Amino acid sequence: MTVTGQLGEFLRARRARLRPEDVGLGALPGRRRVTGLRREELAQLAGVSVSYYTRLEQGQSVNASDAVLDALAGALRLDDHERTHLRELASRRPRPLRRPPAERVNAMTLDLVRSMENVPTLVLGRRTDVLAWNPLGHALLASHLDPTAPERPADRPNVARMLFLDPHCRDLYVDWDRKARGVVANLRLIAGRHPEDALLASLVGELSVKSPEFVALWGDHRVKPCEGATYRLRHPLVGELTVTQQALSLPHSPEQSVLVVTAEQGSSSQDTLRLLGRFTVTS
């Protein structure tokens, strides 16, 4: 998918989410053949000509001004993340795919992960590859995998791949659908920033071939970073617990994040995490 193609798909997906009555428009005459706004209606809201908007959506027009992009973002009721994504898609120029070098975790980050021995912790790369984890993070989220796998770039687990293709991870999340939506929305955001990333394109292609659920979510074009959310887990060793997953940015490695998993203070889930910690120490 080209950058201009991604822009058109994003605009069409957002246009389909809105109805004339949602934005204070009277419906245009004639039978509606679309589920959301027509091109004419969106162009009217944004104050641009229908022909110009059509060319933009079809990838036949480039260099849209900031004013036009702001008008479209307002008409489509985009949030801040979606506005940034729109600008990134509109400003990118087609470039060939390239294979980036393997991601590395610096010593400061590894020290941080090791120091958090009582808190499940992972380091995630740009494409949701697991670059490092501590024993409790491994035990909670992927105990069936080789704990040394993140140390070898070719064998690194990938959160998106595990979520859609690994039965263990699908069973782990009681509210799997919500977790899946969040991961795909984050991947969409990253794809807009790095359209030339051959490894990301390969990951999306693999999941598109192997997972109908991924195809449906990817086609929705929702964009949102994975910052923090609470999930119910069904762990095969210690049973059900509720945890909060927070992705913390790293100033010295802006494309990596530290995923920290916590449970509410004084809750039964906190006790369950402690129990898992004891199993991890004795195993």
# chains A, B, ... in the order shown; residues from 1 in each chain; ligands from 1
>>> residues_around(residues="segment 6-20 of chain A", least_positions_apart="6", cutoff="6 Å", atoms="only C-alpha atoms", output="PyMOL selection string")
chain A and resi 27+35-37+57-58+89+221
>>> select_by_dssp(residues="segment 75-283 of chain A", states="helix (DSSP H, G or I)", output="VMD selection string")
chain A and resid 75 80 to 91 107 to 115 135 to 141 149 to 151 153 to 155 159 to 165 167 to 172 176 to 193 198 to 210 212 to 219 268 to 282
>>> closest_residue(among="A:Arg181, A:Arg232, A:His85, A:His252", to="Trp218 of chain A", atoms="only C-alpha atoms")
A:Arg181
>>> closest_residue(among="A:Gln245, A:Asn118, A:Asn134, A:Ser202", to="Leu275 of chain A", atoms="only C-alpha atoms")
A:Asn118
>>> select_by_dssp(residues="segment 32-178 of chain A", states="strand (DSSP E or B)", output="ChimeraX atom specification")
/A:98,121-124,129-133,158,173
>>> residues_around(residues="Arg156 of chain A", least_positions_apart="2", cutoff="7 Å", atoms="only C-alpha atoms", output="list in words")
Asp129, Val130, Leu131, Ala149, Pro150, Arg152, Pro153, Ala154 and Asn158 of chain A
>>> write_last_selection(atoms="C-alpha atoms", output="PDB file, in the first residue's frame")
ATOM      1  CA  ASP A 129       8.902  -6.830  19.193  1.00  0.00           C
ATOM      2  CA  VAL A 130       9.850  -7.914  22.719  1.00  0.00           C
ATOM      3  CA  LEU A 131      13.408  -6.643  23.087  1.00  0.00           C
ATOM      4  CA  ALA A 149      14.267 -15.418  22.912  1.00  0.00           C
ATOM      5  CA  PRO A 150      14.406 -11.584  23.130  1.00  0.00           C
ATOM      6  CA  ARG A 152      18.212 -13.088  19.589  1.00  0.00           C
ATOM      7  CA  PRO A 153      16.771 -10.653  17.023  1.00  0.00           C
ATOM      8  CA  ALA A 154      15.640 -13.455  14.711  1.00  0.00           C
ATOM      9  CA  ASN A 158       6.205  -9.988  18.742  1.00  0.00           C
TER      10      ASN A 158
END
>>> residues_around(residues="Lys224 of chain A", least_positions_apart="4", cutoff="9 Å", atoms="only C-alpha atoms", output="list in words")
His81, Glu82, Gly182, Val183, Val184, Ala185, Asn186, Leu187, Arg188 and Leu189 of chain A
>>> write_last_selection(atoms="N, CA, C and O atoms", output="PDB file, in the first residue's frame")
ATOM      1  N   HIS A  81      -4.457  12.468  18.068  1.00  0.00           N
ATOM      2  CA  HIS A  81      -3.645  11.420  17.456  1.00  0.00           C
ATOM      3  C   HIS A  81      -4.010  11.239  15.985  1.00  0.00           C
ATOM      4  O   HIS A  81      -3.129  11.068  15.132  1.00  0.00           O
ATOM      5  N   GLU A  82      -5.297  11.298  15.685  1.00  0.00           N
ATOM      6  CA  GLU A  82      -5.745  11.142  14.298  1.00  0.00           C
ATOM      7  C   GLU A  82      -5.325  12.332  13.446  1.00  0.00           C
ATOM      8  O   GLU A  82      -4.986  12.173  12.262  1.00  0.00           O
ATOM      9  N   GLY A 182      -6.550  -2.211  20.480  1.00  0.00           N
ATOM     10  CA  GLY A 182      -5.513  -1.289  20.905  1.00  0.00           C
ATOM     11  C   GLY A 182      -4.189  -1.530  20.201  1.00  0.00           C
ATOM     12  O   GLY A 182      -3.507  -0.588  19.783  1.00  0.00           O
ATOM     13  N   VAL A 183      -3.811  -2.791  20.054  1.00  0.00           N
ATOM     14  CA  VAL A 183      -2.544  -3.121  19.403  1.00  0.00           C
ATOM     15  C   VAL A 183      -2.575  -2.721  17.934  1.00  0.00           C
ATOM     16  O   VAL A 183      -1.611  -2.150  17.406  1.00  0.00           O
ATOM     17  N   VAL A 184      -3.679  -2.986  17.242  1.00  0.00           N
ATOM     18  CA  VAL A 184      -3.771  -2.639  15.827  1.00  0.00           C
ATOM     19  C   VAL A 184      -3.803  -1.126  15.637  1.00  0.00           C
ATOM     20  O   VAL A 184      -3.171  -0.591  14.709  1.00  0.00           O
ATOM     21  N   ALA A 185      -4.503  -0.412  16.493  1.00  0.00           N
ATOM     22  CA  ALA A 185      -4.530   1.053  16.389  1.00  0.00           C
ATOM     23  C   ALA A 185      -3.138   1.635  16.564  1.00  0.00           C
ATOM     24  O   ALA A 185      -2.767   2.615  15.902  1.00  0.00           O
ATOM     25  N   ASN A 186      -2.340   1.038  17.432  1.00  0.00           N
ATOM     26  CA  ASN A 186      -0.963   1.502  17.622  1.00  0.00           C
ATOM     27  C   ASN A 186      -0.109   1.171  16.396  1.00  0.00           C
ATOM     28  O   ASN A 186       0.704   1.996  15.955  1.00  0.00           O
ATOM     29  N   LEU A 187      -0.294  -0.016  15.822  1.00  0.00           N
ATOM     30  CA  LEU A 187       0.453  -0.377  14.615  1.00  0.00           C
ATOM     31  C   LEU A 187       0.122   0.559  13.469  1.00  0.00           C
ATOM     32  O   LEU A 187       1.000   0.927  12.671  1.00  0.00           O
ATOM     33  N   ARG A 188      -1.140   0.961  13.352  1.00  0.00           N
ATOM     34  CA  ARG A 188      -1.539   1.906  12.310  1.00  0.00           C
ATOM     35  C   ARG A 188      -0.799   3.232  12.473  1.00  0.00           C
ATOM     36  O   ARG A 188      -0.349   3.853  11.498  1.00  0.00           O
ATOM     37  N   LEU A 189      -0.679   3.668  13.707  1.00  0.00           N
ATOM     38  CA  LEU A 189       0.027   4.908  13.999  1.00  0.00           C
ATOM     39  C   LEU A 189       1.485   4.799  13.560  1.00  0.00           C
ATOM     40  O   LEU A 189       2.033   5.714  12.926  1.00  0.00           O
TER      41      LEU A 189
END
>>> decode(residues="segment 44-127 of chain A", atoms="C-alpha atoms", output="compact mmCIF listing (two decimals), in the first residue's frame")
# COMPACT_ATOMS: atom_id res chain seq x y z
CA GLN A 44 -18.95 21.14 2.05
CA LEU A 45 -18.03 20.83 5.72
CA ALA A 46 -14.33 21.38 5.05
CA GLY A 47 -14.89 24.27 2.66
CA VAL A 48 -13.08 22.69 -0.29
CA SER A 49 -14.28 21.79 -3.75
CA VAL A 50 -15.64 18.32 -4.36
CA SER A 51 -13.20 17.79 -7.22
CA TYR A 52 -10.20 18.73 -5.06
CA TYR A 53 -11.28 16.47 -2.21
CA THR A 54 -11.91 13.62 -4.63
CA ARG A 55 -8.40 13.96 -6.06
CA LEU A 56 -6.97 14.01 -2.54
CA GLU A 57 -8.85 10.86 -1.56
CA GLN A 58 -7.81 9.13 -4.76
CA GLY A 59 -4.15 10.01 -4.28
CA GLN A 60 -4.07 12.28 -7.34
CA SER A 61 -3.32 15.46 -5.41
CA VAL A 62 -0.33 16.12 -3.16
CA ASN A 63 0.96 18.99 -1.05
CA ALA A 64 -2.32 19.68 0.71
CA SER A 65 -1.91 22.81 2.79
CA ASP A 66 -2.05 22.86 6.57
CA ALA A 67 -5.26 24.87 6.34
CA VAL A 68 -6.93 22.20 4.20
CA LEU A 69 -5.75 19.39 6.48
CA ASP A 70 -7.00 21.27 9.54
CA ALA A 71 -10.36 21.82 7.86
CA LEU A 72 -10.65 18.13 6.97
CA ALA A 73 -9.62 17.10 10.48
CA GLY A 74 -12.29 19.35 11.96
CA ALA A 75 -14.95 18.13 9.56
CA LEU A 76 -14.08 14.50 10.34
CA ARG A 77 -13.94 15.20 14.09
CA LEU A 78 -10.48 13.73 14.45
CA ASP A 79 -8.78 13.58 17.83
CA ASP A 80 -5.21 14.78 18.35
CA HIS A 81 -3.64 11.42 17.46
CA GLU A 82 -5.74 11.14 14.30
CA ARG A 83 -4.88 14.71 13.28
CA THR A 84 -1.18 13.94 13.60
CA HIS A 85 -1.66 10.74 11.61
CA LEU A 86 -3.48 12.65 8.85
CA ARG A 87 -0.63 15.15 8.59
CA GLU A 88 1.95 12.37 8.48
CA LEU A 89 0.12 10.55 5.69
CA ALA A 90 -0.35 13.76 3.71
CA SER A 91 3.28 14.87 4.06
CA ARG A 92 5.00 11.58 3.24
CA ARG A 93 6.41 10.99 -0.21
CA PRO A 94 6.72 7.49 -1.66
CA ARG A 95 10.01 5.83 -0.78
CA PRO A 96 11.17 2.25 -1.35
CA LEU A 97 10.88 -0.22 1.49
CA ARG A 98 14.07 -0.82 3.40
CA ARG A 99 15.03 -3.30 6.07
CA PRO A 100 16.05 -1.43 9.23
CA PRO A 101 18.83 -2.74 11.48
CA ALA A 102 17.93 -4.91 14.45
CA GLU A 103 16.81 -2.89 17.45
CA ARG A 104 19.03 -2.87 20.50
CA VAL A 105 18.33 -2.13 24.14
CA ASN A 106 20.89 0.08 25.83
CA ALA A 107 22.47 -0.73 29.18
CA MET A 108 20.45 1.88 31.11
CA THR A 109 17.17 0.33 30.00
CA LEU A 110 18.33 -3.20 30.81
CA ASP A 111 19.35 -2.05 34.28
CA LEU A 112 15.89 -0.55 34.74
CA VAL A 113 14.19 -3.80 33.72
CA ARG A 114 16.38 -5.88 36.01
CA SER A 115 15.76 -3.56 38.96
CA MET A 116 11.97 -4.03 38.68
CA GLU A 117 12.11 -7.67 39.73
CA ASN A 118 8.75 -7.53 41.56
CA VAL A 119 6.92 -5.86 38.66
CA PRO A 120 6.27 -7.59 35.30
CA THR A 121 8.24 -5.50 32.81
CA LEU A 122 8.98 -5.71 29.08
CA VAL A 123 10.83 -3.52 26.60
CA LEU A 124 8.97 -3.21 23.30
CA GLY A 125 10.41 -2.01 20.01
CA ARG A 126 8.85 0.01 17.22
CA ARG A 127 6.95 -2.96 15.76
